[in-house]
Amino acid sequence: MRFKTLSCDSLTRILILFSFFLFVLTPVTIFSESDDGFEDIDIRLYQDSTSTVYDFVLPESEFIARNFNHTHPEIQDQYASAVQKLATIHNYSFEDPLLILNPYGTVTNGLYINFGYDNEDIGVNYTITTEGNEKNHIFQRSLKNVSEDSDLFESQIIGLVPGVDNHIELELVDNSNEVIDTLSFNIQMPKTSSFYPSYLSTQDGDSTRQLSDGIFYLVGTSQFNGFTYFFDNDGVLRAEIDTNSYRFDNLLFHEDYIIMANTSTQLIAMNSLGQITQYYDMPGYNMHHDFIIGQEDEMLILASLNDRKSIRREDIILSLDLNSGQVTEVLDLKDVLGDYMQVTTPSYNQAGDATDLDWIHINSIEKVNDDAVLLSSRETSTIIKVSNLYDEPKVDYLIGPEPVWMGTDYSNLLLSQKGTFPLHGGQHSLNLSRTSIQSDGEYYVTFFNNNYWRYLTRPDYMGHIEEHNSRNFEPNPDDLSYMYKYLIDESEGTFELIQSFPVPYSSIVSNVDPLPNGNYAINSGKANVFSEYDSKGNLIRSYHYVSGNFAYRAFKDTFSNFWFQ
């Protein structure tokens with residue numbers, strides 16, 4: 001084995017993430033260029049009788065190991081330059097494609113593929129087979145071609161399992177899905193970059209309903225900051241995304257990109273090849289918990305002031321223009337709930353200084369219409385609707401414990417509970433839905449009812465506390481959380497519980513993700529388990545994961561028209 005170098009045009013020396021052994025190790029000369037004053041990129045090449053795979057390798061250096069940031073714009077440019085140079089040194093074909101493992105440092109077990117073809121009406125199906133303890137694991141998809149050239153196919157193969165031998169079969173097909181040609185090869189994949197396990201333990205429930213199509217993705221796994229994990233229905237790890245340092249709070253699709261957190265002050269847009277193409281900074285603010293698509297080409301982001309003089313936390317909404325990158329503060333909750341904020345108390349350090357005022361703790365935001373949102377306040381166990389968001393925001397209604405709001409200017413905004421049922425406590429992850437026959441002011445809100453009571457900012461609170469709400473922060477086998485679904489009727493001023501079912505208890509974090517087929521993907525973060533339930537709340541399968549404390553959320557998506565056709 002030997003390394004050849006490809007020099008690049010800036011910054012420190014580059015790259016990447018891990019060493020591994022693919023195929024039969026064969027010394028092959030690629031090309032070598034050197035410019036004085038620039039560091040080199042090492043390119044490692046492995047080859048068997050049918051295929052060649054390239055890997056960009058970080059040269060051994062203690063300085064680079066401490067300071068290397070693969071998401072930095074200049075580093076991403078160098079990745080792109082290296083990919084482009086490799087793409088031009090050979091006329092690649094389906095029988096001899098360009099294959100690069102994780103070329104942009106982001107999808108650590110993704111395999112870039114590039115080849116030329118003289119017929120634009122072609123596609124590529126693929127099957128990845130790995131040996132399991134009890135059965136072979138099979139992953140099948142069709143690749144999305146992202147090349148703008150009609151005679152070029154460019155995509156990323158998702159699904160290689162870290163730490164084991166993967167057999168890949170590619171099928172070149174016409175527009176009728178008839179097979180034109182085939183290619184197969186094996187890759188002995190390295191372990192995950194985070195050393196996260198490649199398999200989750202699973203447990204089937206009593207439901208006879210099928211799991212929905214798609215891939216689960218687990219975000220905000222504590223002690224694995226910066227990593228997000230994607231699992232198939234068997235609990236097999238099919239992708240690992242590595243960003244900088246901050247947990248994924250959410251993942252949004254926008255145009256041909258997914259938008260995700262890179263740090264607490266920066267969002268990034270990544271294309272389906274793994275390349276980061278846009279950076280969105282939020283100077284003066286720290287993002288937390290949630291962000292959504294608001295109006296066209298706009299994001300709404302939950303945030304806190306990044307100001308040492310301010311002790312307030314998690315009470316601001318930002319608007320991010322995805323075209324210009326401009327960030328605007330559209331709502332400071334103290335401006336619409338200031339009378340309530342006055343009855344709350346900050347935390348103090350041993351010196352007697354006020355250090356933190358997490359008085360409202362907004363953990364979820366959901367769009368109602370173009371200028372109205374729903375907010376979930378964990379601290380008050382209240383769902384809040386704010387309208388006229390971009391002009392003069394105002395609170396339309398509250399759904400929460402009446403004693404919390406009594407004596408403030410907002411008690412008259414509480415909706416009336418229709419029917420008898422236990423009120424939610426410490427809820428997370430609002431999801432709004434409508435049917436075609438509902439009026440504008442009538443809709444459903446589905447969420448994770450943590451069923452947990454913690455009220456730190458009002459230590460002298462003497463109001464009623466729901467008996468069913470647990471006070472246990474750590475998992476307790478006697479406690480339960482719930483999936484809750486409310487029917488909101490603004491014209492009647494009521495809310496009604498129309499569906500609920502128990503799930504493993506989690507005092508904080510956690511979410512419900514309603515799926516297109518009527519199933520629910522649900523994460524009980526403190527219990528370290530996500531699950532899929534059928535539409536009636538019966539468990540289909542649960543997945544037990546590793547974390548230092550919790551994982552923030554779990555979602556499920558097909559990733560069609562992003563990674564897959």
# chains A, B, ... in the order shown; residues from 1 in each chain; ligands from 1
$ residues_around --residues "Asp479 in chain A" --least-positions-apart "6" --cutoff "9 Å" --atoms "only C-alpha atoms" --output "list of chain:residue names"
A:Asn451, A:Asn469, A:Ser470, A:Asn472, A:Pro504, A:Tyr505, A:Ser506
$ residues_around --residues "Tyr196 in chain A" --least-positions-apart "3" --cutoff "9 Å" --atoms "only C-alpha atoms" --output "PDB file with N, CA, C and O atoms, in the first residue's frame"
ATOM      1  N   LYS A 191     -15.628   0.815  11.249  1.00  0.00           N
ATOM      2  CA  LYS A 191     -16.656   1.104  12.236  1.00  0.00           C
ATOM      3  C   LYS A 191     -17.110   2.555  12.101  1.00  0.00           C
ATOM      4  O   LYS A 191     -16.513   3.349  11.376  1.00  0.00           O
ATOM      5  N   THR A 192     -18.162   2.888  12.793  1.00  0.00           N
ATOM      6  CA  THR A 192     -18.651   4.253  12.766  1.00  0.00           C
ATOM      7  C   THR A 192     -17.588   5.222  13.275  1.00  0.00           C
ATOM      8  O   THR A 192     -16.760   4.874  14.121  1.00  0.00           O
ATOM      9  N   SER A 193     -17.637   6.443  12.782  1.00  0.00           N
ATOM     10  CA  SER A 193     -16.681   7.454  13.227  1.00  0.00           C
ATOM     11  C   SER A 193     -16.849   7.780  14.697  1.00  0.00           C
ATOM     12  O   SER A 193     -15.895   8.144  15.383  1.00  0.00           O
ATOM     13  N   TYR A 199     -25.903  -1.893  15.194  1.00  0.00           N
ATOM     14  CA  TYR A 199     -27.164  -2.611  15.330  1.00  0.00           C
ATOM     15  C   TYR A 199     -27.840  -2.228  16.645  1.00  0.00           C
ATOM     16  O   TYR A 199     -27.185  -2.162  17.691  1.00  0.00           O
ATOM     17  N   PHE A 224     -22.790  11.903  22.085  1.00  0.00           N
ATOM     18  CA  PHE A 224     -22.420  11.727  20.680  1.00  0.00           C
ATOM     19  C   PHE A 224     -22.778  13.007  19.925  1.00  0.00           C
ATOM     20  O   PHE A 224     -23.376  12.961  18.845  1.00  0.00           O
ATOM     21  N   TYR A 229     -27.937   9.499  13.543  1.00  0.00           N
ATOM     22  CA  TYR A 229     -27.912   8.091  13.128  1.00  0.00           C
ATOM     23  C   TYR A 229     -29.211   7.719  12.429  1.00  0.00           C
ATOM     24  O   TYR A 229     -30.298   8.099  12.863  1.00  0.00           O
ATOM     25  N   VAL A 546     -28.240   3.425  22.475  1.00  0.00           N
ATOM     26  CA  VAL A 546     -27.209   3.795  23.447  1.00  0.00           C
ATOM     27  C   VAL A 546     -27.122   5.316  23.513  1.00  0.00           C
ATOM     28  O   VAL A 546     -27.108   5.993  22.479  1.00  0.00           O
TER      29      VAL A 546
END
$ residues_around --residues "Ile268 in chain A" --least-positions-apart "4" --cutoff "6 Å" --atoms "only C-alpha atoms" --output "list of chain:residue names"
A:Ile259, A:Met260, A:Gln278, A:Tyr279
$ write_last_selection --atoms "N, CA and C atoms" --output "PDB file, in the first residue's frame"
ATOM      1  N   ILE A 259     -31.547  20.868   5.730  1.00  0.00           N
ATOM      2  CA  ILE A 259     -31.011  21.903   6.601  1.00  0.00           C
ATOM      3  C   ILE A 259     -30.933  21.340   8.009  1.00  0.00           C
ATOM      4  N   MET A 260     -29.799  21.557   8.658  1.00  0.00           N
ATOM      5  CA  MET A 260     -29.561  20.970   9.973  1.00  0.00           C
ATOM      6  C   MET A 260     -28.627  21.883  10.757  1.00  0.00           C
ATOM      7  N   GLN A 278     -24.409  25.731   1.944  1.00  0.00           N
ATOM      8  CA  GLN A 278     -24.854  27.004   2.499  1.00  0.00           C
ATOM      9  C   GLN A 278     -24.586  27.018   3.997  1.00  0.00           C
ATOM     10  N   TYR A 279     -24.263  28.204   4.511  1.00  0.00           N
ATOM     11  CA  TYR A 279     -24.021  28.405   5.937  1.00  0.00           C
ATOM     12  C   TYR A 279     -24.874  29.573   6.403  1.00  0.00           C
TER      13      TYR A 279
END
$ residues_around --residues "range 539-543 of chain A" --least-positions-apart "3" --cutoff "7 Å" --atoms "only C-alpha atoms" --output "CSV table (one decimal) with C-alpha atoms, in the first residue's frame"
chain,number,residue,atom,x,y,z
A,200,LEU,CA,-29.9,-1.8,17.8
A,201,SER,CA,-31.7,-4.3,19.9
A,202,THR,CA,-35.4,-4.5,18.9
A,203,GLN,CA,-38.6,-5.9,20.4
A,204,ASP,CA,-41.8,-6.6,18.5
A,205,GLY,CA,-45.2,-5.6,19.9
A,206,ASP,CA,-48.6,-7.0,19.6
A,207,SER,CA,-49.7,-5.1,16.5
A,209,ARG,CA,-49.8,-3.9,11.2
A,211,LEU,CA,-43.9,-1.0,9.7
A,235,GLY,CA,-32.5,-1.5,13.5
A,529,VAL,CA,-36.1,3.8,23.2
A,530,PHE,CA,-37.9,4.8,20.0
A,531,SER,CA,-40.8,2.9,18.6
A,532,GLU,CA,-43.3,2.6,15.8
A,533,TYR,CA,-47.0,2.3,16.8
A,534,ASP,CA,-50.0,1.6,14.6
$ residues_around --residues "Glu120 in chain A" --least-positions-apart "4" --cutoff "8 Å" --atoms "only C-alpha atoms" --output "list of chain:residue names"
A:Ser150, A:Asp151, A:Leu152
$ residues_around --residues "Asn262 in chain A" --least-positions-apart "6" --cutoff "12 Å" --atoms "only C-alpha atoms" --output "PyMOL selection string"
chain A and resi 69-72+106+220+225-228+241-251+268-270+276+278-282+286-288
$ write_last_selection --atoms "C-alpha atoms" --output "mmCIF file, in the first residue's frame"
data_model
loop_
_atom_site.group_PDB
_atom_site.id
_atom_site.type_symbol
_atom_site.label_atom_id
_atom_site.label_comp_id
_atom_site.auth_asym_id
_atom_site.auth_seq_id
_atom_site.Cartn_x
_atom_site.Cartn_y
_atom_site.Cartn_z
ATOM 1 C CA ASN A 69 -13.195 20.962 11.185
ATOM 2 C CA HIS A 70 -14.488 19.200 8.093
ATOM 3 C CA THR A 71 -17.607 21.429 7.901
ATOM 4 C CA HIS A 72 -15.558 24.623 7.444
ATOM 5 C CA THR A 106 -20.362 14.394 6.431
ATOM 6 C CA GLY A 220 -29.404 14.717 19.684
ATOM 7 C CA ASN A 225 -22.763 15.439 19.918
ATOM 8 C CA GLY A 226 -22.533 16.286 16.247
ATOM 9 C CA PHE A 227 -23.645 12.832 15.090
ATOM 10 C CA THR A 228 -27.032 11.738 13.760
ATOM 11 C CA ILE A 241 -23.965 12.081 9.627
ATOM 12 C CA ASP A 242 -21.132 13.981 11.277
ATOM 13 C CA THR A 243 -21.478 17.733 11.739
ATOM 14 C CA ASN A 244 -19.401 19.996 13.948
ATOM 15 C CA SER A 245 -20.468 19.921 17.581
ATOM 16 C CA TYR A 246 -24.118 20.721 18.160
ATOM 17 C CA ARG A 247 -26.868 18.144 18.341
ATOM 18 C CA PHE A 248 -29.431 17.873 15.579
ATOM 19 C CA ASP A 249 -32.647 19.357 16.964
ATOM 20 C CA ASN A 250 -34.418 18.808 13.685
ATOM 21 C CA LEU A 251 -33.804 18.121 10.005
ATOM 22 C CA ILE A 268 -26.020 24.426 7.295
ATOM 23 C CA ALA A 269 -27.557 23.102 4.092
ATOM 24 C CA MET A 270 -26.226 19.770 2.789
ATOM 25 C CA ILE A 276 -22.298 21.522 2.566
ATOM 26 C CA GLN A 278 -24.854 27.004 2.499
ATOM 27 C CA TYR A 279 -24.021 28.405 5.937
ATOM 28 C CA TYR A 280 -26.477 30.412 8.009
ATOM 29 C CA ASP A 281 -25.046 32.228 11.019
ATOM 30 C CA MET A 282 -27.110 33.711 13.857
ATOM 31 C CA ASN A 286 -28.043 30.633 20.447
ATOM 32 C CA MET A 287 -30.423 28.260 18.734
ATOM 33 C CA HIS A 288 -32.222 25.627 20.770
#
$ closest_residue --among "A:Ser93, A:Gln275, A:Asn306, A:Asn102" --to "Gln76 in chain A" --atoms "only C-alpha atoms"
A:Gln275
$ atom_distance --atom1 "CA of Phe185 in chain A" --atom2 "CA of Leu143 in chain A"
17.1 Å
$ select_by_dssp --residues "range 129-350 of chain A" --states "strand (DSSP E)" --output "number ranges by chain"
A: 129-130, 137-142, 152-157, 165-174, 179-188, 201-204, 215-221, 227-231, 237-242, 252-254, 257-263, 266-271, 276-281, 285-293, 298-305, 316-321, 327-332, 347-348
$ closest_residue --among "A:Ile89, A:Leu515, A:Val373, A:Ile100" --to "Asp213 in chain A" --atoms "only C-alpha atoms"
A:Leu515
$ select_by_dssp --residues "range 215-440 of chain A" --states "alpha helix (DSSP H)" --output "VMD selection string"
chain A and resid 334 to 341 402 to 405
$ atom_distance --atom1 "CA of His544 in chain A" --atom2 "CA of Pro514 in chain A"
19.9 Å
$ closest_atom_pairs --of "range 250-367 of chain A" --to "range 108-113 of chain A" --cutoff "12 Å" --atoms "only C-alpha atoms" --output "JSON lines"
{"residue": "A:Ser272", "atom": "CA", "partner": "A:Tyr112", "partner_atom": "CA", "distance": 9.9}
{"residue": "A:Leu273", "atom": "CA", "partner": "A:Tyr112", "partner_atom": "CA", "distance": 6.9}
{"residue": "A:Gly274", "atom": "CA", "partner": "A:Gly110", "partner_atom": "CA", "distance": 8.2}
{"residue": "A:Gln275", "atom": "CA", "partner": "A:Tyr112", "partner_atom": "CA", "distance": 10.9}
$ closest_residue --among "A:Pro475, A:Gly537, A:Pro190, A:Gly123" --to "Ser176 in chain A" --atoms "only C-alpha atoms"
A:Gly123
$ atom_distance --atom1 "CA of Asp460 in chain A" --atom2 "CA of Asp409 in chain A"
19.4 Å
$ closest_residue --among "A:Leu99, A:Asp321, A:His90, A:Ile187" --to "Thr129 in chain A" --atoms "only C-alpha atoms"
A:Ile187
$ closest_residue --among "A:Glu95, A:Gln427, A:Asp234, A:Asp391" --to "Val509 in chain A" --atoms "only C-alpha atoms"
A:Gln427
$ closest_residue --among "A:Asp356, A:Val124, A:Ser547, A:Asp77" --to "Asp181 in chain A" --atoms "only C-alpha atoms"
A:Val124
